[in-house]
>>> print(open('data_28.txt').read())   # compact mmCIF, C-alpha atoms and all ligand atoms
# COMPACT_ATOMS: atom_id res chain seq x y z
CA MET A 282 -14.22 -3.62 4.21
CA GLN A 283 -11.29 -1.38 5.13
CA GLU A 284 -8.88 -4.21 4.40
CA LYS A 285 -10.34 -4.55 0.94
CA LYS A 286 -10.04 -0.85 0.23
CA LYS A 287 -6.37 -0.81 1.23
CA LEU A 288 -5.59 -3.72 -0.97
CA ASN A 289 -7.40 -2.16 -3.88
CA LEU A 290 -5.39 1.03 -3.77
CA GLY A 291 -2.09 -0.87 -3.79
CA VAL A 292 -3.22 -3.03 -6.70
CA LYS A 293 -4.53 -0.02 -8.58
CA ILE A 294 -1.24 1.84 -8.13
CA LEU A 295 0.60 -1.18 -9.45
CA ILE A 296 -1.70 -1.34 -12.46
CA GLY A 297 -1.14 2.39 -13.05
CA LEU A 298 2.61 1.82 -12.85
CA VAL A 299 2.72 -1.10 -15.29
CA ALA A 300 0.25 0.50 -17.71
CA GLY A 301 2.31 3.71 -17.60
CA ILE A 302 5.50 1.81 -18.49
CA ILE A 303 3.79 0.04 -21.39
CA VAL A 304 2.15 3.16 -22.80
CA GLY A 305 5.35 5.20 -22.30
CA ALA A 306 7.39 2.55 -24.13
CA ILE A 307 4.88 2.57 -26.99
CA PHE A 308 5.22 6.36 -27.31
CA TRP A 309 9.00 6.06 -27.16
CA MET A 310 9.12 3.40 -29.88
CA ALA A 311 6.60 5.12 -32.11
CA MET A 312 7.93 8.68 -31.88
CA GLY A 313 11.51 8.52 -30.58
CA ALA A 314 12.59 9.90 -27.23
CA ASP A 315 12.62 13.62 -28.10
CA ALA A 316 9.21 13.80 -29.74
CA ALA A 317 7.66 11.37 -27.28
CA GLY A 318 9.17 13.30 -24.38
CA ALA A 319 7.85 16.61 -25.68
CA PHE A 320 4.42 15.21 -26.50
CA THR A 321 3.90 13.42 -23.21
CA ALA A 322 5.32 16.38 -21.25
CA LYS A 323 2.71 18.59 -22.90
CA TYR A 324 -0.36 16.38 -22.88
CA ILE A 325 0.04 13.59 -20.33
CA LYS A 326 2.41 14.82 -17.64
CA PRO A 327 0.09 17.74 -16.67
CA PHE A 328 -2.39 15.20 -15.25
CA GLY A 329 0.42 13.87 -13.09
CA ASP A 330 1.31 17.45 -12.17
CA ILE A 331 -2.22 18.11 -10.91
CA PHE A 332 -1.88 15.14 -8.64
CA VAL A 333 1.58 16.19 -7.45
CA ASN A 334 0.36 19.75 -6.82
CA LEU A 335 -2.42 18.41 -4.62
CA LEU A 336 0.08 16.32 -2.72
CA LYS A 337 2.38 19.29 -2.20
CA PHE A 338 -0.51 21.36 -0.96
CA ILE A 339 -1.45 18.86 1.72
CA VAL A 340 2.09 18.02 2.79
CA VAL A 341 2.72 20.99 5.11
CA PRO A 342 -0.47 20.63 7.20
CA LEU A 343 0.03 16.88 7.16
CA VAL A 344 3.56 16.93 8.60
CA LEU A 345 2.88 19.79 10.99
CA LEU A 346 -0.29 18.28 12.44
CA SER A 347 0.66 14.63 12.38
CA ILE A 348 3.92 15.17 14.27
CA MET A 349 2.21 17.48 16.76
CA ASP A 350 -0.58 14.97 17.20
CA GLY A 351 1.99 12.17 17.51
CA VAL A 352 3.72 14.04 20.31
CA ILE A 353 0.41 14.85 22.02
CA SER A 354 -0.81 11.27 21.79
CA MET A 355 2.21 10.06 23.74
CA GLY A 356 0.68 11.79 26.73
CA ASP A 357 3.87 12.57 28.61
CA ILE A 358 7.04 14.32 27.72
CA GLY A 359 9.30 11.51 28.97
CA LYS A 360 7.83 9.15 26.41
CA VAL A 361 8.50 11.61 23.57
CA GLY A 362 12.14 11.60 24.59
CA LYS A 363 12.24 7.81 24.83
CA ILE A 364 10.73 7.11 21.41
CA GLY A 365 12.52 10.12 19.94
CA TRP A 366 16.01 8.91 20.83
CA LYS A 367 15.38 5.38 19.62
CA THR A 368 14.05 6.72 16.35
CA VAL A 369 16.90 9.13 15.76
CA ALA A 370 19.51 6.50 16.67
CA TYR A 371 17.96 4.03 14.20
CA PHE A 372 17.87 6.67 11.48
CA LEU A 373 21.49 7.74 11.98
CA VAL A 374 22.95 4.25 12.14
CA THR A 375 21.08 2.96 9.07
CA THR A 376 21.98 6.08 7.10
CA ALA A 377 25.67 5.77 7.95
CA ILE A 378 25.57 2.09 6.88
CA ALA A 379 23.86 3.18 3.66
CA CYS A 380 26.73 5.59 2.93
CA ILE A 381 29.30 2.86 3.49
CA ILE A 382 27.43 0.47 1.18
CA GLY A 383 27.21 3.25 -1.43
CA LEU A 384 30.95 3.90 -1.22
CA ILE A 385 31.90 0.23 -1.46
CA VAL A 386 29.70 -0.36 -4.51
CA ALA A 387 30.87 2.85 -6.20
CA ASN A 388 34.50 1.91 -5.63
CA ILE A 389 33.95 -1.49 -7.17
CA PHE A 390 32.42 0.19 -10.22
CA LYS A 391 34.92 3.04 -10.29
CA GLY A 392 37.27 1.38 -12.76
CA ALA A 393 34.48 1.27 -15.30
CA PHE A 394 33.35 4.87 -14.79
CA PRO A 395 34.46 7.15 -17.62
CA VAL A 396 36.73 10.17 -17.50
CA LEU A 397 34.79 12.58 -19.65
CA SER A 398 35.81 15.50 -21.77
CA LEU A 399 33.09 17.76 -20.58
CA ALA A 400 30.70 19.68 -22.72
CA GLU A 401 29.45 23.11 -21.69
CA ASP A 402 25.96 21.80 -21.12
CA ALA A 403 27.20 19.69 -18.22
CA ALA A 404 26.89 22.80 -16.08
CA TYR A 405 23.91 22.88 -13.83
CA GLU A 406 23.02 25.76 -11.58
CA ALA A 407 23.33 23.98 -8.27
CA LYS A 408 22.70 25.79 -5.05
CA SER A 409 25.53 24.83 -2.82
CA SER A 410 25.05 25.01 0.91
CA ASN A 411 27.67 24.42 3.57
CA LEU A 412 27.45 22.15 6.55
CA MET A 413 27.10 24.74 9.32
CA ASP A 414 24.47 26.70 7.39
CA THR A 415 22.48 23.51 6.99
CA ILE A 416 22.54 22.87 10.73
CA VAL A 417 21.72 26.48 11.64
CA ASN A 418 18.89 26.53 9.13
CA ILE A 419 17.10 23.68 10.86
CA PHE A 420 16.01 26.20 13.48
CA PRO A 421 13.40 28.67 12.27
CA ASN A 422 13.67 32.38 12.97
CA ASN A 423 10.06 32.91 12.00
CA ALA A 424 6.93 30.90 12.79
CA ILE A 425 5.11 31.47 9.51
CA SER A 426 7.68 31.44 6.72
CA PRO A 427 8.70 27.76 7.12
CA LEU A 428 5.06 26.87 6.45
CA SER A 429 4.82 28.95 3.31
CA THR A 430 8.18 27.80 1.94
CA SER A 431 7.63 24.16 2.98
CA SER A 432 10.92 24.04 4.92
CA MET A 433 10.37 20.60 6.32
CA LEU A 434 13.11 20.46 8.95
CA GLN A 435 11.96 23.77 10.39
CA ILE A 436 8.36 22.54 10.36
CA ILE A 437 9.44 19.47 12.33
CA VAL A 438 11.13 21.66 14.94
CA ILE A 439 7.97 23.78 15.22
CA SER A 440 5.73 20.70 15.53
CA ILE A 441 7.86 19.03 18.19
CA ALA A 442 8.18 22.29 20.15
CA PHE A 443 4.43 23.01 20.10
CA GLY A 444 3.52 19.36 20.73
CA CYS A 445 5.77 19.35 23.82
CA GLY A 446 4.34 22.76 24.83
CA ILE A 447 0.82 21.31 24.76
CA LEU A 448 1.85 18.36 26.92
CA VAL A 449 3.69 20.49 29.45
CA ALA A 450 0.81 23.00 29.67
CA GLY A 451 -1.37 20.21 31.11
CA ASP A 452 -5.08 21.08 31.50
CA LYS A 453 -4.64 24.52 30.03
CA GLY A 454 -3.10 23.03 26.89
CA LYS A 455 -5.82 20.43 26.44
CA PRO A 456 -8.29 22.46 24.34
CA PHE A 457 -5.53 23.32 21.88
CA GLY A 458 -4.42 19.68 21.86
CA ASP A 459 -7.98 18.56 21.06
CA PHE A 460 -8.16 21.11 18.28
CA ILE A 461 -4.90 19.80 16.77
CA THR A 462 -6.12 16.18 17.02
CA SER A 463 -9.35 17.10 15.27
CA PHE A 464 -7.58 19.21 12.63
CA ASN A 465 -5.19 16.33 12.02
CA GLU A 466 -8.10 13.94 11.52
CA VAL A 467 -9.69 16.28 8.97
CA THR A 468 -6.37 16.69 7.15
CA GLN A 469 -5.98 12.92 6.93
CA ARG A 470 -9.41 12.70 5.30
CA VAL A 471 -8.53 15.37 2.74
CA MET A 472 -5.36 13.41 2.05
CA GLY A 473 -7.54 10.33 1.52
CA PHE A 474 -9.45 12.14 -1.26
CA ILE A 475 -6.19 13.05 -2.95
CA LEU A 476 -4.83 9.53 -2.59
CA ALA A 477 -7.79 8.08 -4.39
CA LEU A 478 -6.36 9.81 -7.46
CA SER A 479 -2.93 8.22 -7.09
CA PRO A 480 -3.25 5.39 -9.65
CA TYR A 481 -4.05 7.98 -12.34
CA GLY A 482 -1.26 10.31 -11.24
CA VAL A 483 1.19 7.42 -11.20
CA PHE A 484 0.10 6.36 -14.68
CA ALA A 485 0.51 9.85 -16.17
CA LEU A 486 3.95 10.38 -14.61
CA MET A 487 5.17 6.95 -15.64
CA VAL A 488 4.12 7.41 -19.27
CA TRP A 489 6.11 10.63 -19.37
CA VAL A 490 9.25 9.24 -17.69
CA VAL A 491 9.45 6.18 -19.94
CA ALA A 492 8.57 8.07 -23.14
CA ALA A 493 11.09 10.83 -22.46
CA GLN A 494 13.98 8.83 -21.03
CA GLY A 495 13.92 5.69 -23.14
CA PRO A 496 16.96 3.45 -22.98
CA LYS A 497 19.11 5.71 -25.21
CA ILE A 498 20.38 7.92 -22.39
CA LEU A 499 21.51 4.99 -20.44
CA GLY A 500 24.99 4.47 -22.02
CA HIS A 501 27.64 5.49 -19.46
CA LEU A 502 24.96 6.66 -17.14
CA GLY A 503 23.52 3.15 -17.07
CA LEU A 504 26.57 2.09 -15.17
CA VAL A 505 26.28 4.63 -12.39
CA LEU A 506 22.58 3.96 -12.26
CA LEU A 507 23.30 0.27 -11.91
CA ALA A 508 25.79 0.96 -9.12
CA ALA A 509 23.20 3.00 -7.23
CA TYR A 510 20.51 0.34 -7.66
CA ILE A 511 22.88 -2.42 -6.53
CA GLY A 512 23.56 -0.29 -3.44
CA TYR A 513 19.82 0.17 -2.88
CA ILE A 514 19.18 -3.56 -3.18
CA ILE A 515 22.05 -4.57 -0.90
CA HIS A 516 20.78 -2.12 1.69
CA VAL A 517 17.22 -3.45 1.54
CA VAL A 518 18.27 -7.07 1.68
CA LEU A 519 21.00 -6.69 4.27
CA VAL A 520 19.97 -3.88 6.57
CA TYR A 521 16.17 -3.93 6.54
CA SER A 522 15.77 -7.72 6.47
CA LEU A 523 18.15 -7.98 9.38
CA SER A 524 16.74 -5.10 11.37
CA VAL A 525 13.11 -6.20 11.13
CA LYS A 526 14.11 -9.77 11.91
CA VAL A 527 16.43 -8.98 14.80
CA PHE A 528 14.86 -5.85 16.29
CA ALA A 529 11.18 -6.33 15.43
CA GLN A 530 11.02 -10.16 15.44
CA MET A 531 9.18 -9.99 12.16
CA SER A 532 9.58 -12.09 9.03
CA PRO A 533 11.29 -9.92 6.37
CA ILE A 534 9.03 -11.46 3.70
CA THR A 535 5.91 -10.33 5.56
CA PHE A 536 7.45 -6.91 6.07
CA PHE A 537 8.33 -6.45 2.39
CA LYS A 538 4.92 -7.71 1.29
CA LYS A 539 3.10 -5.31 3.56
CA VAL A 540 5.27 -2.32 2.77
CA PHE A 541 5.07 -2.88 -0.99
CA PRO A 542 2.21 -0.42 -1.72
CA ALA A 543 4.17 2.39 -0.06
CA ALA A 544 7.37 1.45 -1.90
CA ALA A 545 5.55 1.28 -5.25
CA PHE A 546 3.95 4.63 -4.62
CA ALA A 547 7.25 6.20 -3.56
CA PHE A 548 8.91 4.75 -6.65
CA THR A 549 6.55 6.62 -8.92
CA SER A 550 5.82 9.77 -6.92
CA THR A 551 9.51 10.26 -5.94
CA SER A 552 8.39 11.90 -2.72
CA SER A 553 8.66 10.32 0.72
CA VAL A 554 6.47 13.01 2.21
CA ALA A 555 3.75 12.50 -0.38
CA SER A 556 3.94 8.76 0.28
CA LEU A 557 3.37 9.33 3.98
CA PRO A 558 -0.31 8.40 4.18
CA ILE A 559 0.27 5.15 2.29
CA THR A 560 3.28 4.32 4.46
CA LYS A 561 1.06 4.94 7.48
CA GLU A 562 -1.60 2.58 6.09
CA CYS A 563 1.04 -0.10 5.50
CA CYS A 564 2.23 0.32 9.10
CA ASP A 565 -1.37 0.10 10.37
CA ASP A 566 -1.56 -3.13 8.42
CA MET A 567 1.49 -4.38 10.32
CA ASN A 568 -0.19 -3.46 13.64
CA VAL A 569 2.22 -0.65 14.39
CA ASP A 570 0.75 1.42 17.20
CA SER A 571 -0.60 4.71 15.89
CA GLU A 572 1.28 6.55 18.63
CA VAL A 573 4.55 5.22 17.21
CA SER A 574 3.78 5.54 13.51
CA SER A 575 2.42 9.07 13.73
CA PHE A 576 5.69 10.16 15.28
CA VAL A 577 8.24 8.00 13.45
CA LEU A 578 6.86 8.20 9.91
CA PRO A 579 6.52 11.96 9.39
CA LEU A 580 9.91 12.44 11.02
CA GLY A 581 11.40 9.69 8.87
CA ALA A 582 9.84 11.06 5.69
CA THR A 583 11.67 14.30 6.24
CA VAL A 584 14.98 13.26 7.77
CA ASN A 585 15.59 9.55 7.13
CA MET A 586 16.92 9.07 3.61
CA ASP A 587 19.02 5.94 3.22
CA GLY A 588 18.43 5.78 -0.53
CA THR A 589 19.44 9.40 -0.90
CA ALA A 590 22.62 8.76 1.08
CA ILE A 591 23.58 5.83 -1.17
CA TYR A 592 22.85 7.90 -4.25
CA GLN A 593 24.93 10.83 -3.00
CA CYS A 594 27.93 8.59 -2.30
CA VAL A 595 27.74 6.82 -5.64
CA ALA A 596 27.18 10.07 -7.53
CA ALA A 597 30.07 11.80 -5.75
CA ILE A 598 32.52 9.02 -6.69
CA PHE A 599 31.19 8.92 -10.25
CA LEU A 600 31.40 12.68 -10.80
CA ALA A 601 34.84 12.87 -9.24
CA LYS A 602 36.02 10.18 -11.65
CA CYS A 603 34.37 11.94 -14.60
CA ILE A 604 36.49 14.99 -13.98
CA GLY A 605 39.58 12.94 -13.28
CA ILE A 606 39.75 13.16 -9.47
CA ASP A 607 40.66 10.01 -7.56
CA LEU A 608 39.30 10.40 -4.05
CA THR A 609 41.45 9.53 -1.04
CA LEU A 610 40.31 7.54 1.99
CA THR A 611 39.98 10.74 4.03
CA GLN A 612 37.77 12.20 1.34
CA MET A 613 35.65 9.05 1.42
CA ILE A 614 35.18 9.49 5.16
CA ILE A 615 34.19 13.10 4.55
CA ILE A 616 31.66 11.79 2.04
CA VAL A 617 30.12 9.47 4.66
CA VAL A 618 29.72 12.32 7.14
CA THR A 619 28.45 14.93 4.71
CA ALA A 620 26.17 12.51 2.85
CA THR A 621 24.61 11.47 6.17
CA LEU A 622 23.96 15.12 7.02
CA ALA A 623 22.97 16.06 3.49
CA SER A 624 20.43 13.24 3.38
CA ILE A 625 18.99 14.45 6.68
CA GLY A 626 18.73 17.93 5.23
CA THR A 627 17.10 16.64 2.05
CA ALA A 628 13.40 17.41 1.89
CA GLY A 629 11.22 14.39 1.17
CA THR A 630 10.24 15.75 -2.19
CA SER A 631 11.06 14.96 -5.77
CA GLY A 632 14.63 15.74 -6.81
CA ALA A 633 15.67 17.21 -3.47
CA GLY A 634 18.54 14.75 -3.00
CA MET A 635 20.20 15.99 -6.16
CA ILE A 636 20.21 19.56 -4.85
CA MET A 637 21.77 18.44 -1.57
CA LEU A 638 24.41 16.49 -3.50
CA ALA A 639 26.03 19.89 -4.03
CA MET A 640 26.98 19.93 -0.36
CA VAL A 641 28.71 16.55 -0.59
CA LEU A 642 30.60 17.51 -3.75
CA ASP A 643 31.67 20.80 -2.24
CA ALA A 644 33.14 19.01 0.76
CA VAL A 645 35.47 16.92 -1.41
CA GLY A 646 36.39 19.62 -3.90
CA VAL A 647 34.28 18.55 -6.87
CA PRO A 648 32.59 21.64 -8.36
CA PRO A 649 28.82 21.16 -7.88
CA THR A 650 28.18 22.43 -11.40
CA TYR A 651 29.06 18.94 -12.63
CA ILE A 652 25.83 17.63 -11.21
CA GLY A 653 24.65 18.53 -14.71
CA ILE A 654 26.18 15.30 -15.98
CA ILE A 655 23.60 13.20 -14.20
CA TYR A 656 20.87 15.82 -13.99
CA GLY A 657 18.96 14.42 -16.96
CA ILE A 658 18.37 11.05 -15.40
CA ASP A 659 17.95 12.15 -11.83
CA ARG A 660 14.39 10.94 -11.83
CA LEU A 661 15.54 7.38 -12.46
CA PHE A 662 17.83 7.57 -9.42
CA ASP A 663 15.15 9.32 -7.45
CA MET A 664 12.58 6.58 -7.98
CA GLY A 665 14.77 3.93 -6.38
CA ARG A 666 16.12 6.13 -3.61
CA THR A 667 12.67 7.33 -2.59
CA ALA A 668 11.33 3.76 -2.46
CA LEU A 669 14.28 2.87 -0.24
CA ASN A 670 13.75 5.93 1.95
CA VAL A 671 10.14 4.97 2.57
CA VAL A 672 10.90 1.32 3.30
CA GLY A 673 13.54 2.56 5.77
CA ASP A 674 10.96 4.68 7.59
CA ALA A 675 8.57 1.74 7.84
CA SER A 676 11.35 -0.54 9.10
CA CYS A 677 12.11 1.97 11.85
CA ALA A 678 8.42 2.13 12.79
CA VAL A 679 8.14 -1.65 13.21
CA CYS A 680 11.37 -1.79 15.24
CA VAL A 681 10.38 1.07 17.55
CA ASN A 682 6.93 -0.51 17.86
CA HIS A 683 8.53 -3.72 19.06
CA TRP A 684 10.88 -1.90 21.42
CA GLU A 685 7.83 -0.23 22.92
CA GLY A 686 6.46 -3.66 23.76
CA ASN A 687 3.86 -3.90 20.97
CA ASN A 688 3.42 -6.83 18.61
CA ASN A 689 3.81 -6.40 14.86
CA ALA A 690 1.66 -8.36 12.43
N1 LIG A 701 12.84 12.18 -3.49
C1 LIG A 701 13.47 11.77 -2.27
C2 LIG A 701 12.42 11.52 -1.22
O1 LIG A 701 11.38 12.10 -1.24
C3 LIG A 701 14.45 12.73 -1.78
C4 LIG A 701 15.58 12.78 -2.75
O2 LIG A 701 15.49 13.48 -3.77
O3 LIG A 701 16.58 12.08 -2.53
O4 LIG A 701 12.63 10.74 -0.33
>>> encode(input="data_28.txt", output="C-alpha cells")
Amino acid sequence: MQEKKKLNLGVKILIGLVAGIIVGAIFWMAMGADAAGAFTAKYIKPFGDIFVNLLKFIVVPLVLLSIMDGVISMGDIGKVGKIGWKTVAYFLVTTAIACIIGLIVANIFKGAFPVLSLAEDAAYEAKSSNLMDTIVNIFPNNAISPLSTSSMLQIIVISIAFGCGILVAGDKGKPFGDFITSFNEVTQRVMGFILALSPYGVFALMVWVVAAQGPKILGHLGLVLLAAYIGYIIHVVLVYSLSVKVFAQMSPITFFKKVFPAAAFAFTSTSSVASLPITKECCDDMNVDSEVSSFVLPLGATVNMDGTAIYQCVAAIFLAKCIGIDLTLTQMIIIVVTATLASIGTAGTSGAGMIMLAMVLDAVGVPPTYIGIIYGIDRLFDMGRTALNVVGDASCAVCVNHWEGNNNA
C-alpha cells in the first residue's frame, strides 16, 4: 500500500513536469516569450508560489527537528561523531571533485565564450560576502533569530548542539528528547500534506519557466548552460556511479532509478531543502537506516551542494571571460576553495547558489555585479544543480549506511 503511494507521487510529479513543459511551450509559441512570461507569471505561477510558500514554511521546523531527532536516535554521542565525520568527509571530497570537473569543462568551453561589450542592465545588486564572515556567521549569536530568518547553517548548529545536549543529559534529557521525536513525527505528517500538492505546484512552475524563458534567451548563454550541464552529467556518471558502486556495493542503475523521484522534484522545485521529504522516502526505499538518513539528508540538503559548486566554477570562468579576464592557475585554485566553501554556505533554497557566486567572483577579482549577465536564466542552471545536489545527498546516505554495516536495497 505504502509502496504504491510512493510510486504514485513520483509518477504524478513526472506527469506534472511533462505537462508543464508542453503547456508552457504552447503559451510561448502562441504569445511569444514576453507576453507568455507576463501572463503565466500573473495567472499560473501564483499556484506554484502557494506551494513553494508552504514548503518554505515547513522547512525550518523540518530541518531543526529532523537533525535533532537524528542525533537523538543515534543514542550515544560517540556514534554522532562517527557518522558525522564520515558524512562531512564524503561531502567535502565530492564537492571538491565537483569544482575540479566544473573548472575542466569551463576551460574546454572557454574559447567559445564571448567577450561582451556590457550593457548597463548587466548590473545586478549582488550581496557580496567574504570568506571569514561566512565562517563566523555559521555560529548563531541568538537562539531565535536563525529560526525566523531561516539561516540554515545556524539552524544546523543549534540542532546538533541541542541533540547532543539531550543525549549527554541522559535520563533528565529524555522527556525533552521524546517531545522532539513526537514533534518531528507531527512535522513529517504536515509535510506529507504539503507534498501531496507537489504535482500541481511542479506543473504551475514549469508552465511559467518554459513560457517565460523560451529558447530565445539561449544564444550565448546556451553555451555556458551547456557547459554546466555537461559538468553536472559527468559528475553524476563518474562520481556517484563510482561511489555507490565502490562504497555502498550498490548497482548505480538501481540507485538512479530509486532516487529519480527526488531528482525530478528537485529539478522543478529548485530547492534541496524542500525536496528533503522525497529524498528521505527514496532513501527509505533503498533500505537506508532511518538513523542514518535523518542525520545525513537534512545536513546534506543544507551544506552538500555539488551541483552548485560546478555551477559556480563554470559561471566564474564564463563571467571572467565576458569581461575580458583570463584567469591564472592560482586563481583557478582559489575558485576551487571558495566555491567549495560558498556551496557549503549556500542555503538549499531556490536561487541561493547565484547569491553565493558573489563570494567566488570577489575572490578572483571579478566584480559581482556582472552576475546580472546570467541572472535571467539562473533558474535553468538552478534546476540541474539542485537535482545534482539532492542525488549527492542520497549517494552519501547509501554510502554511510553501508559503512555502518547496513544493507542497501
Ligand atoms: N537551489 C539549490 C538547492 O536548493 C541551491 C542553489 O541555488 O545552488 O540545492
>>> closest_residue(input="data_28.txt", among="A:Ala545, A:Cys594, A:Leu622, A:Leu506", to="Thr667 of chain A", atoms="all atoms listed in the file")
A:Ala545
>>> atom_distance(input="data_28.txt", atom1="atom CA of Ile616 of chain A", atom2="atom CA of Val584 of chain A")
17.7 Å
>>> closest_atom_pairs(input="data_28.txt", of="chain A", to="ligand LIG 701 (chain A)", cutoff="8 Å", atoms="all atoms listed in the file", output="Markdown table")
| residue | atom | partner | partner_atom | distance |
| --- | --- | --- | --- | --- |
| A:Ala547 | CA | A:LIG701 | O1 | 7.6 |
| A:Thr551 | CA | A:LIG701 | N1 | 4.6 |
| A:Ser552 | CA | A:LIG701 | O1 | 3.3 |
| A:Ser553 | CA | A:LIG701 | O1 | 3.8 |
| A:Val554 | CA | A:LIG701 | O1 | 6.1 |
| A:Ala555 | CA | A:LIG701 | O1 | 7.7 |
| A:Ala582 | CA | A:LIG701 | O4 | 6.6 |
| A:Thr583 | CA | A:LIG701 | O4 | 7.5 |
| A:Met586 | CA | A:LIG701 | O4 | 6.1 |
| A:Gly588 | CA | A:LIG701 | O3 | 6.9 |
| A:Thr589 | CA | A:LIG701 | O3 | 4.2 |
| A:Ala590 | CA | A:LIG701 | O3 | 7.8 |
| A:Tyr592 | CA | A:LIG701 | O3 | 7.7 |
| A:Ser624 | CA | A:LIG701 | O3 | 7.1 |
| A:Thr627 | CA | A:LIG701 | C3 | 6.1 |
| A:Ala628 | CA | A:LIG701 | C3 | 6.0 |
| A:Gly629 | CA | A:LIG701 | O1 | 3.3 |
| A:Thr630 | CA | A:LIG701 | O1 | 3.9 |
| A:Ser631 | CA | A:LIG701 | N1 | 4.0 |
| A:Gly632 | CA | A:LIG701 | O2 | 3.9 |
| A:Ala633 | CA | A:LIG701 | O2 | 3.7 |
| A:Gly634 | CA | A:LIG701 | O3 | 3.3 |
| A:Met635 | CA | A:LIG701 | O2 | 5.8 |
| A:Ile636 | CA | A:LIG701 | O2 | 7.8 |
| A:Asp663 | CA | A:LIG701 | N1 | 5.4 |
| A:Met664 | CA | A:LIG701 | N1 | 7.2 |
| A:Arg666 | CA | A:LIG701 | O3 | 6.1 |
| A:Thr667 | CA | A:LIG701 | O4 | 4.1 |
| A:Ala668 | CA | A:LIG701 | O4 | 7.4 |
| A:Asn670 | CA | A:LIG701 | O4 | 5.4 |
| A:Val671 | CA | A:LIG701 | O4 | 6.9 |
>>> residues_around(input="data_28.txt", residues="segment 364-366 of chain A", least_positions_apart="5", cutoff="10 Å", atoms="only C-alpha atoms", output="list in words")
Val352, Met355, Gly359, Tyr371, Phe372, Glu572, Val573, Phe576, Val577, Leu580, Val681, Asn682, Trp684 and Glu685 of chain A
>>> residues_around(input="data_28.txt", residues="Pro558 of chain A", least_positions_apart="2", cutoff="8 Å", atoms="all atoms listed in the file", output="VMD selection string")
chain A and resid 469 472 to 473 555 to 556 560 to 562
>>> closest_residue(input="data_28.txt", among="A:Leu428, A:Val491, A:Cys445, A:Ile296", to="Gly313 of chain A", atoms="all atoms listed in the file")
A:Val491
>>> closest_residue(input="data_28.txt", among="A:Ala379, A:Phe394, A:Asn465, A:Gly503", to="Leu519 of chain A", atoms="all atoms listed in the file")
A:Ala379
>>> closest_residue(input="data_28.txt", among="A:Val438, A:Val641, A:Leu448, A:Ile606", to="Lys391 of chain A", atoms="all atoms listed in the file")
A:Ile606
>>> residues_around(input="data_28.txt", residues="Cys564 of chain A", least_positions_apart="6", cutoff="10 Å", atoms="all atoms listed in the file", output="ChimeraX atom specification")
/A:536,539-540,543,558,570-571,573-575,578,674-676,678-679,682,689-690
>>> atom_distance(input="data_28.txt", atom1="atom CA of Ala639 of chain A", atom2="atom CA of Tyr656 of chain A")
11.9 Å
>>> atom_distance(input="data_28.txt", atom1="atom CA of Leu336 of chain A", atom2="atom CA of Ala300 of chain A")
21.8 Å
>>> closest_residue(input="data_28.txt", among="A:Thr611, A:Ser432, A:Thr468, A:Ser522", to="Cys680 of chain A", atoms="only C-alpha atoms")
A:Ser522
>>> residues_around(input="data_28.txt", residues="Ile604 of chain A", least_positions_apart="2", cutoff="12 Å", atoms="only C-alpha atoms", output="PyMOL selection string")
chain A and resi 394-400+403+597-602+606-608+646-652+654
>>> closest_residue(input="data_28.txt", among="A:Cys677, A:Ala493, A:Ala322, A:Ile381", to="Asn585 of chain A", atoms="only C-alpha atoms")
A:Cys677
>>> axis_aligned_box(input="data_28.txt", around="segment 467-470 of chain A", padding_each_side="3 Å", output="AutoDock Vina command-line options")
--center_x -7.8 --center_y 14.7 --center_z 7.1 --size_x 9.7 --size_y 10.0 --size_z 9.7
>>> residues_near_point(input="data_28.txt", point="(14.9, 5.4, -13.2)", cutoff="12 Å", atoms="only C-alpha atoms", output="ChimeraX atom specification")
/A:302,487,489-491,493-496,498-499,502-503,505-507,509-510,548-551,655,657-668
